[in-house]
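**Q** Provided below: protein06.csv, containing CSV, C-alpha atoms.
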```
chain,number,residue,atom,x,y,z
M,26,MET,CA,116.5,67.9,61.3
M,27,LYS,CA,117.1,65.1,63.9
M,28,LYS,CA,114.4,65.0,66.6
M,29,ARG,CA,115.7,66.0,70.0
M,30,ILE,CA,115.3,63.5,72.9
M,31,ALA,CA,113.8,65.1,76.0
M,32,ILE,CA,116.0,63.3,78.6
M,33,TRP,CA,119.2,64.8,77.3
M,34,ASP,CA,117.8,68.3,77.1
M,35,ASN,CA,116.4,68.0,80.6
M,36,LEU,CA,119.8,66.8,81.8
M,37,LYS,CA,121.8,69.5,80.0
M,38,PHE,CA,119.6,72.3,81.4
M,39,LEU,CA,119.8,70.8,84.9
M,40,LEU,CA,123.6,70.5,84.6
M,41,ILE,CA,124.1,74.1,83.3
M,42,ILE,CA,122.0,75.3,86.3
M,43,LEU,CA,124.4,73.4,88.6
M,44,VAL,CA,127.4,74.9,86.8
M,45,VAL,CA,125.9,78.4,87.4
M,46,PHE,CA,125.2,77.5,91.0
M,47,GLY,CA,128.7,76.1,91.4
M,48,HIS,CA,130.3,79.3,90.2
M,49,TYR,CA,128.1,81.4,92.5
M,50,ALA,CA,129.1,79.2,95.4
M,51,GLN,CA,132.8,79.3,94.5
M,52,HIS,CA,132.7,83.1,95.0
M,53,VAL,CA,130.7,83.2,98.3
M,54,LYS,CA,131.0,79.7,99.8
M,55,TYR,CA,133.7,80.8,102.4
M,56,ASN,CA,131.0,82.8,104.2
M,57,SER,CA,128.6,79.9,104.1
M,58,GLY,CA,128.8,76.3,105.3
M,59,VAL,CA,125.6,75.5,103.3
M,60,LEU,CA,127.1,76.7,100.0
M,61,GLN,CA,130.5,75.0,100.7
M,62,GLY,CA,128.7,71.7,101.3
M,63,LEU,CA,126.5,71.9,98.3
M,64,CYS,CA,129.5,73.1,96.1
M,65,THR,CA,131.5,70.1,97.3
M,66,SER,CA,128.8,67.5,96.5
M,67,THR,CA,127.9,69.2,93.1
M,68,TYR,CA,131.5,69.4,91.8
M,69,LEU,CA,131.8,65.6,92.3
M,70,PHE,CA,129.7,64.9,89.3
M,71,HIS,CA,128.4,68.0,87.3
M,72,MET,CA,131.4,68.5,85.0
M,73,PRO,CA,132.2,64.8,84.6
M,74,LEU,CA,128.6,64.3,83.5
M,75,PHE,CA,128.6,67.3,81.2
M,76,ILE,CA,131.8,65.9,79.6
M,77,PHE,CA,130.3,62.4,79.4
M,78,VAL,CA,127.2,63.7,77.5
M,79,THR,CA,129.4,65.7,75.1
M,80,GLY,CA,131.4,62.5,74.4
M,81,MET,CA,128.3,60.5,73.9
M,82,PHE,CA,127.2,62.9,71.1
M,83,SER,CA,130.6,63.2,69.6
M,84,LYS,CA,130.6,60.0,67.6
M,85,ARG,CA,129.8,61.4,64.1
M,86,THR,CA,132.3,64.2,64.4
M,87,VAL,CA,135.0,61.9,65.7
M,88,ASN,CA,134.4,59.1,63.3
M,89,GLU,CA,134.4,61.4,60.3
M,90,LYS,CA,137.5,63.2,61.7
M,91,ASN,CA,135.7,66.4,61.0
M,92,VAL,CA,138.1,68.9,62.6
M,93,LYS,CA,136.1,71.8,61.1
M,94,LYS,CA,133.2,70.9,63.5
M,95,VAL,CA,135.6,71.0,66.5
M,96,LEU,CA,137.2,74.3,65.8
M,97,PRO,CA,134.1,76.2,67.1
M,98,TYR,CA,135.1,75.1,70.6
M,99,LEU,CA,138.2,77.3,70.3
M,100,THR,CA,136.2,80.1,68.8
M,101,CYS,CA,133.8,80.0,71.7
M,102,TYR,CA,136.7,79.7,74.2
M,103,PHE,CA,138.4,82.9,72.9
M,104,ALA,CA,135.0,84.7,72.6
M,105,THR,CA,134.2,83.8,76.3
M,106,THR,CA,137.6,84.9,77.4
M,107,LEU,CA,137.0,88.2,75.6
M,108,ILE,CA,133.6,88.6,77.1
M,109,LEU,CA,135.0,88.2,80.6
M,110,PHE,CA,137.8,90.6,79.9
M,111,ILE,CA,135.3,93.2,78.6
M,112,THR,CA,133.1,92.7,81.7
M,113,LYS,CA,136.1,93.3,84.0
M,114,ALA,CA,137.1,96.4,82.0
M,115,PHE,CA,133.5,97.7,82.3
M,116,LEU,CA,133.5,97.1,86.1
M,117,LYS,CA,137.0,98.8,86.3
M,118,TRP,CA,138.8,95.8,87.7
M,119,ASN,CA,142.5,95.1,87.5
M,120,LEU,CA,142.8,93.7,84.0
M,121,SER,CA,144.8,90.7,82.8
M,122,PHE,CA,144.3,88.6,79.7
M,123,GLU,CA,145.4,85.0,79.8
M,124,ILE,CA,144.9,83.4,76.4
M,125,PHE,CA,146.2,79.9,76.9
M,126,GLY,CA,146.7,79.6,80.7
M,127,THR,CA,143.3,80.3,82.2
M,128,GLY,CA,142.0,78.5,85.2
M,129,ALA,CA,138.7,80.3,84.9
M,130,MET,CA,135.4,79.1,83.5
M,131,PRO,CA,136.2,78.9,79.7
M,132,TRP,CA,138.6,75.9,80.3
M,133,TYR,CA,135.8,73.5,79.4
M,134,LEU,CA,135.7,74.7,75.8
M,135,MET,CA,139.4,74.3,75.2
M,136,SER,CA,139.5,70.9,76.9
M,137,MET,CA,136.6,69.7,74.6
M,138,PHE,CA,138.7,70.8,71.6
M,139,PHE,CA,141.6,68.7,72.7
M,140,MET,CA,139.4,65.7,73.8
M,141,PHE,CA,137.8,65.6,70.3
M,142,LEU,CA,141.2,65.6,68.6
M,143,ILE,CA,142.7,63.0,70.9
M,144,THR,CA,139.7,60.7,70.3
M,145,MET,CA,140.0,61.2,66.5
M,146,VAL,CA,143.6,59.9,66.8
M,147,ILE,CA,142.9,56.9,69.0
M,148,LYS,CA,139.4,55.9,67.9
M,149,ASP,CA,140.4,52.7,66.2
M,150,TYR,CA,142.2,51.2,69.2
M,151,LYS,CA,140.4,48.7,71.5
M,152,PRO,CA,138.1,50.7,73.8
M,153,GLN,CA,139.1,48.7,76.9
M,154,TYR,CA,142.7,49.5,76.5
M,155,VAL,CA,142.1,53.2,75.8
M,156,MET,CA,139.8,53.4,78.8
M,157,ALA,CA,142.3,51.7,81.1
M,158,LEU,CA,145.2,53.9,79.9
M,159,SER,CA,143.2,57.1,80.2
M,160,LEU,CA,142.4,56.3,83.8
M,161,ILE,CA,146.0,55.4,84.6
M,162,ILE,CA,147.1,58.8,83.1
M,163,GLY,CA,144.4,60.6,85.0
M,164,VAL,CA,145.7,59.1,88.2
M,165,LEU,CA,149.4,59.7,87.4
M,166,VAL,CA,149.2,63.4,86.4
M,167,GLY,CA,148.4,64.2,90.0
M,168,PHE,CA,152.0,63.5,90.9
M,169,CYS,CA,153.3,66.1,88.4
M,170,LYS,CA,155.3,69.0,89.6
M,171,THR,CA,154.0,71.9,87.8
M,172,ASP,CA,153.7,75.7,88.2
M,173,ASN,CA,150.9,76.0,85.7
M,174,PRO,CA,148.3,73.2,85.6
M,175,ASP,CA,146.1,75.5,83.5
M,176,LEU,CA,148.3,75.9,80.5
M,177,PHE,CA,146.2,74.7,77.6
M,178,THR,CA,144.0,73.1,80.3
M,179,TRP,CA,146.3,70.1,80.1
M,180,MET,CA,145.6,68.7,83.6
M,181,ARG,CA,141.9,69.0,83.3
M,182,THR,CA,141.9,67.5,79.9
M,183,PHE,CA,143.9,64.4,81.0
M,184,ILE,CA,141.9,63.9,84.3
M,185,PHE,CA,138.5,64.4,82.8
M,186,TYR,CA,139.2,62.5,79.5
M,187,PRO,CA,138.0,59.1,80.7
M,188,PHE,CA,134.5,60.6,81.1
M,189,PHE,CA,134.5,61.9,77.5
M,190,TYR,CA,135.8,58.6,76.1
M,191,LEU,CA,133.3,56.5,78.0
M,192,GLY,CA,130.6,58.7,76.6
M,193,TYR,CA,132.0,58.2,73.1
M,194,THR,CA,132.0,54.4,73.4
M,195,LEU,CA,128.4,54.2,74.7
M,196,ASP,CA,125.2,54.6,72.7
M,197,ALA,CA,122.8,57.2,74.0
M,198,ASP,CA,119.7,55.0,73.6
M,199,TRP,CA,121.4,52.2,75.5
M,200,VAL,CA,122.3,54.5,78.3
M,201,GLU,CA,118.7,55.8,78.5
M,202,LYS,CA,117.4,52.3,78.6
M,203,VAL,CA,119.7,50.8,81.2
M,204,THR,CA,119.3,53.7,83.6
M,205,ASN,CA,115.5,53.6,83.5
M,206,LYS,CA,115.3,51.1,86.3
M,207,LEU,CA,113.5,51.5,89.6
M,208,TYR,CA,116.4,50.1,91.7
M,209,LEU,CA,118.8,52.6,90.1
M,210,LYS,CA,116.4,55.5,90.9
M,211,ILE,CA,116.2,54.3,94.6
M,212,SER,CA,120.0,53.9,94.7
M,213,ALA,CA,120.4,57.3,93.3
M,214,VAL,CA,118.4,59.0,96.0
M,215,ILE,CA,120.3,57.2,98.7
M,216,PHE,CA,123.7,57.9,97.0
M,217,PHE,CA,123.1,61.7,96.7
M,218,ILE,CA,121.8,61.9,100.3
M,219,VAL,CA,124.9,60.1,101.6
M,220,ILE,CA,127.2,62.3,99.5
M,221,ASN,CA,125.6,65.5,100.9
M,222,VAL,CA,125.6,64.1,104.5
M,223,LEU,CA,129.3,63.5,104.2
M,224,ALA,CA,129.9,66.9,102.7
M,225,PHE,CA,128.1,68.7,105.5
M,226,SER,CA,129.3,66.4,108.3
M,227,PHE,CA,133.0,66.6,107.4
M,228,PRO,CA,133.4,70.0,105.7
M,229,LYS,CA,137.1,70.4,106.3
M,230,GLU,CA,138.0,66.9,105.0
M,231,THR,CA,135.7,66.9,102.0
M,232,GLY,CA,136.6,70.5,101.3
M,233,LYS,CA,140.2,69.6,101.0
M,234,LEU,CA,139.5,66.5,98.9
M,235,SER,CA,137.2,68.6,96.6
M,236,LYS,CA,140.4,70.0,95.1
M,237,LEU,CA,140.5,66.7,93.2
M,238,PHE,CA,137.0,67.4,91.8
M,239,THR,CA,138.2,70.5,89.9
M,240,ALA,CA,141.1,68.4,88.3
M,241,ARG,CA,143.6,71.2,88.5
M,242,HIS,CA,145.4,70.5,91.7
M,243,THR,CA,148.3,68.1,92.3
M,244,TYR,CA,148.4,65.6,95.2
M,245,ASP,CA,150.9,67.9,97.0
M,246,GLU,CA,148.1,70.4,97.5
M,247,LEU,CA,145.9,68.0,99.5
M,248,GLY,CA,147.6,68.6,102.8
M,249,LYS,CA,147.4,65.6,105.1
M,250,PHE,CA,145.8,63.6,102.2
M,251,ALA,CA,148.8,64.2,99.9
M,252,ASN,CA,150.6,60.8,100.4
M,253,ASP,CA,147.4,58.9,99.5
M,254,GLY,CA,146.3,61.4,96.8
M,255,TRP,CA,146.3,58.7,94.1
M,256,ILE,CA,144.0,56.5,96.1
M,257,TYR,CA,141.6,59.3,96.6
M,258,ARG,CA,141.7,60.1,92.9
M,259,ILE,CA,140.7,56.5,92.2
M,260,LEU,CA,137.9,56.8,94.7
M,261,VAL,CA,136.7,60.1,93.1
M,262,TYR,CA,136.7,58.4,89.7
M,263,ALA,CA,134.6,55.6,91.1
M,264,LEU,CA,132.1,58.0,92.8
M,265,SER,CA,131.9,60.3,89.7
M,266,PHE,CA,131.2,57.4,87.3
M,267,ALA,CA,128.5,56.1,89.7
M,268,ALA,CA,127.0,59.5,90.0
M,269,ILE,CA,126.8,59.9,86.3
M,270,PHE,CA,124.5,56.9,85.8
M,271,LEU,CA,122.6,57.4,89.0
M,272,LEU,CA,121.7,61.0,88.2
M,273,ILE,CA,120.7,60.1,84.6
M,274,SER,CA,118.3,57.5,86.1
M,275,LEU,CA,116.5,60.4,87.9
M,276,ILE,CA,116.1,62.6,84.8
M,277,PRO,CA,112.5,62.8,83.4
M,278,ARG,CA,112.1,61.1,80.0
M,279,LYS,CA,109.4,63.5,78.9
M,280,ARG,CA,109.4,67.1,77.8
M,281,ILE,CA,108.8,69.6,80.7
M,282,LYS,CA,107.2,72.9,79.7
M,283,GLY,CA,109.5,75.8,80.4
M,284,PHE,CA,112.5,73.6,81.1
M,285,THR,CA,113.3,71.1,78.3
M,286,VAL,CA,113.6,73.6,75.6
M,287,TYR,CA,116.4,75.4,77.4
M,288,GLY,CA,118.6,72.3,77.2
M,289,GLU,CA,119.2,73.5,73.6
M,290,ARG,CA,120.6,76.8,74.9
M,291,THR,CA,123.3,75.7,77.3
M,292,LEU,CA,126.2,77.2,75.4
M,293,GLY,CA,124.8,80.7,75.6
M,294,ILE,CA,124.2,80.2,79.3
M,295,TYR,CA,127.8,78.9,79.8
M,296,MET,CA,129.3,81.8,77.8
M,297,PHE,CA,127.4,84.7,79.5
M,298,HIS,CA,126.5,83.7,83.0
M,299,TYR,CA,129.7,84.9,84.6
M,300,VAL,CA,128.8,88.4,83.5
M,301,ILE,CA,125.8,88.2,85.8
M,302,ILE,CA,127.8,86.7,88.6
M,303,TYR,CA,130.5,89.4,88.4
M,304,ILE,CA,127.8,92.2,88.5
M,305,LEU,CA,125.7,90.7,91.3
M,306,VAL,CA,128.5,89.4,93.5
M,307,TYR,CA,131.2,92.1,93.1
M,308,THR,CA,129.5,95.2,91.9
M,309,ALA,CA,126.0,94.9,93.6
M,310,LYS,CA,127.6,93.2,96.6
M,311,LEU,CA,124.6,90.8,96.7
M,312,PRO,CA,126.0,88.3,99.2
M,313,LYS,CA,126.5,91.1,101.8
M,314,LEU,CA,123.1,92.6,101.1
M,315,LEU,CA,121.4,89.2,101.5
M,316,GLU,CA,123.4,88.4,104.7
M,317,LYS,CA,122.4,91.7,106.2
M,318,ALA,CA,118.7,91.4,105.3
M,319,LEU,CA,118.5,87.7,106.2
M,320,PRO,CA,121.2,86.6,108.8
M,321,PHE,CA,119.8,83.1,108.6
M,322,GLY,CA,119.1,81.4,105.2
M,323,TRP,CA,120.6,84.1,103.0
M,324,ASP,CA,122.9,81.6,101.3
M,325,VAL,CA,120.1,79.3,100.3
M,326,LEU,CA,118.7,82.1,98.1
M,327,PHE,CA,121.6,81.5,95.7
M,328,ILE,CA,119.8,78.4,94.5
M,329,PRO,CA,116.9,80.3,93.0
M,330,ILE,CA,119.3,83.1,92.0
M,331,SER,CA,121.3,80.5,90.0
M,332,ILE,CA,118.1,79.2,88.3
M,333,LEU,CA,117.0,82.8,87.4
M,334,THR,CA,120.5,83.5,86.1
M,335,ALA,CA,120.4,80.4,83.9
M,336,TYR,CA,117.0,81.5,82.5
M,337,LEU,CA,118.2,85.0,82.0
M,338,CYS,CA,121.2,83.9,80.0
M,339,ALA,CA,119.1,81.5,78.0
M,340,ASN,CA,117.5,84.5,76.2
M,341,LYS,CA,117.3,84.5,72.4
M,342,VAL,CA,120.0,87.1,72.0
M,343,PHE,CA,122.7,85.2,73.9
M,344,ASP,CA,121.5,82.0,72.2
M,345,PHE,CA,121.8,83.5,68.8
M,346,ILE,CA,125.3,84.9,69.5
M,347,SER,CA,126.6,81.5,70.9
M,348,ARG,CA,125.1,79.6,68.0
M,349,LYS,CA,126.7,81.9,65.4
M,350,LEU,CA,130.1,81.6,67.2
M,351,PHE,CA,129.7,77.8,67.4
M,352,SER,CA,128.8,77.5,63.7
M,353,SER,CA,131.2,75.5,61.5
M,354,ASP,CA,130.0,77.3,58.4
M,355,TRP,CA,132.4,80.3,58.7
M,356,LYS,CA,134.3,80.9,55.5
M,357,LEU,CA,137.8,81.9,56.3
M,358,LYS,CA,139.1,81.7,52.8
M,359,GLY,CA,137.9,83.6,49.7
```
Would you write out, as structure tokens, the structure that this file holds?
**A**
Amino acid sequence: MKKRIAIWDNLKFLLIILVVFGHYAQHVKYNSGVLQGLCTSTYLFHMPLFIFVTGMFSKRTVNEKNVKKVLPYLTCYFATTLILFITKAFLKWNLSFEIFGTGAMPWYLMSMFFMFLITMVIKDYKPQYVMALSLIIGVLVGFCKTDNPDLFTWMRTFIFYPFFYLGYTLDADWVEKVTNKLYLKISAVIFFIVINVLAFSFPKETGKLSKLFTARHTYDELGKFANDGWIYRILVYALSFAAIFLLISLIPRKRIKGFTVYGERTLGIYMFHYVIIYILVYTAKLPKLLEKALPFGWDVLFIPISILTAYLCANKVFDFISRKLFSSDWKLKG
């Protein structure tokens, strides 16, 4: 069994906590300037970095064109969609079941399936040409006139693909080495402070532009920024690529007790955390309860709540289920 490297497990667990926090914030941020600002700054980099890391560890599967190892992404996509449907049924919500057109959380799993397949097809072409073309396509899709950007997650797949492909072309040991520089760590602290200052100082402007961060909105939806949407897309690409390497530079290289080990369980957290969010936000009405009890500072509590949710969903049961679903050893034929 290949020895796991602490930095990547530390990074993955941090990122999945940010994913959980982002999803909490998405549901309650309109009542909180703090959550809206943090959500804006987080969405700039957390999914691009998650996709970059996936691409970085995709080499063996892609190079061997092992489609069997990619199919579990679809298995987990359908399973997560079903989990959310069952949760809504249990909570007695108005039910709908979108198999291939979801804009909800499972999109990442379907996009990964397509990104693996795309890379298998183009892996032998010169990386600089593929990277350039993927960026051009990522910019151009924002001009598309579409009623359903979520069908087969096509828009997110095209826009986020450059991050996956860059990860595929880079060696993990090289990335770890070049990011372990003091000047990068200092730059990272300054970078993320500036990003958050901008997000909090110009909430309306950054909030509108944050639609580009989710990669499922056309330039027409940017309001006064619509005419220059493609320029802002290029800017977002530049900032997201910078954020990827700067954040990696800040990640501890050593194992952290009670933290690193959960970097192996991110799939279970991803698949089940929305169940907790639905229950706490919409059934228990947690935001309203917190706001009533703590008129000032209630929204900040969603940071520890997000961390606790991640730990809760990292339990052995959810981890076991997600690992079984993601296994490529299923025998579909007799």
**Q** Using only C-alpha atoms, find the one residue out of M:Gln51, M:Ser235, M:Ser159, M:Thr112 that sits nearest to Val261 of chain M.
**A**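 Ranking M:Gln51, M:Ser235, M:Ser159, M:Thr112 by distance to Val261 of chain M, first place goes to M:Ser235.
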**Q** In Å, how far is it from atom CA of Trp179 of chain M to atom CA of Ile76 of chain M?
**A**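 Here the two named atoms are 15.1 Å from each other.
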**Q** Between atom CA of Glu230 of chain M and atom CA of Gly58 of chain M, what is the spacing in Å?
**A**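 For atom CA of Gly58 of chain M relative to atom CA of Glu230 of chain M, the distance reads 13.2 Å.
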**Q** Taking all atoms listed in the file into account, which of M:Leu223, M:Leu60, M:Val87, M:Ile304 comes nearest Asp149 of chain M?
**A**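 Comparing M:Leu223, M:Leu60, M:Val87, M:Ile304 against Asp149 of chain M, the winner is M:Val87.
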**Q** Kindly indicate which residue among M:Tyr68, M:Tyr299, M:Phe38, M:Tyr208 lies nearest to Thr231 of chain M, using all atoms listed in the file for the distances.
**A**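 Under the stated criterion, the closest residue is M:Tyr68.
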**Q** Quick one: pull the distance between atom CA of Val200 of chain M and atom CA of Met81 of chain M, Å, one decimal.
**A**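 Those two atoms sit 9.6 Å apart.
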**Q** How close does segment 212-317 of chain M get to segment 97-104 of chain M? List, as CSV, each residue of segment 212-317 of chain M within 12 Å, its nearest atom pair and the distance in Å to one decimal, counting only C-alpha atoms.
**A**
```
residue,atom,partner,partner_atom,distance
M:Leu292,CA,M:Cys101,CA,8.9
M:Gly293,CA,M:Cys101,CA,9.8
M:Tyr295,CA,M:Cys101,CA,10.1
M:Met296,CA,M:Cys101,CA,7.8
M:Phe297,CA,M:Ala104,CA,10.3
```
**Q** Under the rule that all atoms listed in the file are counted, which of M:Leu191, M:Val53, M:Ala339, M:Ala263 is the nearest residue to Glu316 of chain M?
**A**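 Ranking M:Leu191, M:Val53, M:Ala339, M:Ala263 by distance to Glu316 of chain M, first place goes to M:Val53.
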**Q** Would you mind writing segment 333-354 of chain M with N, CA and C atoms, as a PDB file, in the coordinates of the input?
**A**
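Result file is rebuild.pdb:
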```pdb
ATOM      1  N   LEU M 333     117.444  81.542  88.148  1.00  0.00           N
ATOM      2  CA  LEU M 333     117.000  82.800  87.400  1.00  0.00           C
ATOM      3  C   LEU M 333     118.139  83.233  86.489  1.00  0.00           C
ATOM      4  N   THR M 334     119.393  83.124  86.933  1.00  0.00           N
ATOM      5  CA  THR M 334     120.500  83.500  86.100  1.00  0.00           C
ATOM      6  C   THR M 334     120.584  82.650  84.838  1.00  0.00           C
ATOM      7  N   ALA M 335     120.369  81.341  85.007  1.00  0.00           N
ATOM      8  CA  ALA M 335     120.400  80.400  83.900  1.00  0.00           C
ATOM      9  C   ALA M 335     119.280  80.790  82.868  1.00  0.00           C
ATOM     10  N   TYR M 336     118.089  81.072  83.371  1.00  0.00           N
ATOM     11  CA  TYR M 336     117.000  81.500  82.500  1.00  0.00           C
ATOM     12  C   TYR M 336     117.289  82.784  81.793  1.00  0.00           C
ATOM     13  N   LEU M 337     117.860  83.719  82.541  1.00  0.00           N
ATOM     14  CA  LEU M 337     118.200  85.000  82.000  1.00  0.00           C
ATOM     15  C   LEU M 337     119.189  84.878  80.815  1.00  0.00           C
ATOM     16  N   CYS M 338     120.197  84.043  81.019  1.00  0.00           N
ATOM     17  CA  CYS M 338     121.200  83.900  80.000  1.00  0.00           C
ATOM     18  C   CYS M 338     120.794  82.935  78.860  1.00  0.00           C
ATOM     19  N   ALA M 339     119.611  82.321  79.026  1.00  0.00           N
ATOM     20  CA  ALA M 339     119.100  81.500  78.000  1.00  0.00           C
ATOM     21  C   ALA M 339     118.236  82.285  76.977  1.00  0.00           C
ATOM     22  N   ASN M 340     118.287  83.617  77.085  1.00  0.00           N
ATOM     23  CA  ASN M 340     117.500  84.500  76.200  1.00  0.00           C
ATOM     24  C   ASN M 340     117.937  84.293  74.741  1.00  0.00           C
ATOM     25  N   LYS M 341     117.085  84.698  73.832  1.00  0.00           N
ATOM     26  CA  LYS M 341     117.300  84.500  72.400  1.00  0.00           C
ATOM     27  C   LYS M 341     118.544  85.200  71.870  1.00  0.00           C
ATOM     28  N   VAL M 342     118.867  86.347  72.470  1.00  0.00           N
ATOM     29  CA  VAL M 342     120.000  87.100  72.000  1.00  0.00           C
ATOM     30  C   VAL M 342     121.319  86.341  72.288  1.00  0.00           C
ATOM     31  N   PHE M 343     121.511  85.919  73.538  1.00  0.00           N
ATOM     32  CA  PHE M 343     122.700  85.200  73.900  1.00  0.00           C
ATOM     33  C   PHE M 343     122.755  83.826  73.156  1.00  0.00           C
ATOM     34  N   ASP M 344     121.584  83.218  72.981  1.00  0.00           N
ATOM     35  CA  ASP M 344     121.500  82.000  72.200  1.00  0.00           C
ATOM     36  C   ASP M 344     121.944  82.151  70.795  1.00  0.00           C
ATOM     37  N   PHE M 345     121.479  83.226  70.187  1.00  0.00           N
ATOM     38  CA  PHE M 345     121.800  83.500  68.800  1.00  0.00           C
ATOM     39  C   PHE M 345     123.330  83.764  68.649  1.00  0.00           C
ATOM     40  N   ILE M 346     123.894  84.557  69.556  1.00  0.00           N
ATOM     41  CA  ILE M 346     125.300  84.900  69.500  1.00  0.00           C
ATOM     42  C   ILE M 346     126.155  83.578  69.645  1.00  0.00           C
ATOM     43  N   SER M 347     125.805  82.765  70.630  1.00  0.00           N
ATOM     44  CA  SER M 347     126.600  81.500  70.900  1.00  0.00           C
ATOM     45  C   SER M 347     126.451  80.564  69.711  1.00  0.00           C
ATOM     46  N   ARG M 348     125.271  80.472  69.111  1.00  0.00           N
ATOM     47  CA  ARG M 348     125.100  79.600  68.000  1.00  0.00           C
ATOM     48  C   ARG M 348     125.908  80.047  66.764  1.00  0.00           C
ATOM     49  N   LYS M 349     125.940  81.346  66.545  1.00  0.00           N
ATOM     50  CA  LYS M 349     126.700  81.900  65.400  1.00  0.00           C
ATOM     51  C   LYS M 349     128.220  81.609  65.657  1.00  0.00           C
ATOM     52  N   LEU M 350     128.676  81.816  66.885  1.00  0.00           N
ATOM     53  CA  LEU M 350     130.100  81.600  67.200  1.00  0.00           C
ATOM     54  C   LEU M 350     130.430  80.099  67.069  1.00  0.00           C
ATOM     55  N   PHE M 351     129.468  79.224  67.393  1.00  0.00           N
ATOM     56  CA  PHE M 351     129.700  77.800  67.400  1.00  0.00           C
ATOM     57  C   PHE M 351     129.492  77.179  65.974  1.00  0.00           C
ATOM     58  N   SER M 352     129.041  77.988  65.056  1.00  0.00           N
ATOM     59  CA  SER M 352     128.800  77.500  63.700  1.00  0.00           C
ATOM     60  C   SER M 352     130.092  77.084  63.031  1.00  0.00           C
ATOM     61  N   SER M 353     130.047  75.979  62.279  1.00  0.00           N
ATOM     62  CA  SER M 353     131.200  75.500  61.500  1.00  0.00           C
ATOM     63  C   SER M 353     131.158  75.977  60.078  1.00  0.00           C
ATOM     64  N   ASP M 354     130.247  76.908  59.782  1.00  0.00           N
ATOM     65  CA  ASP M 354     130.000  77.300  58.400  1.00  0.00           C
ATOM     66  C   ASP M 354     130.798  78.623  58.055  1.00  0.00           C
TER      67      ASP M 354
END
```
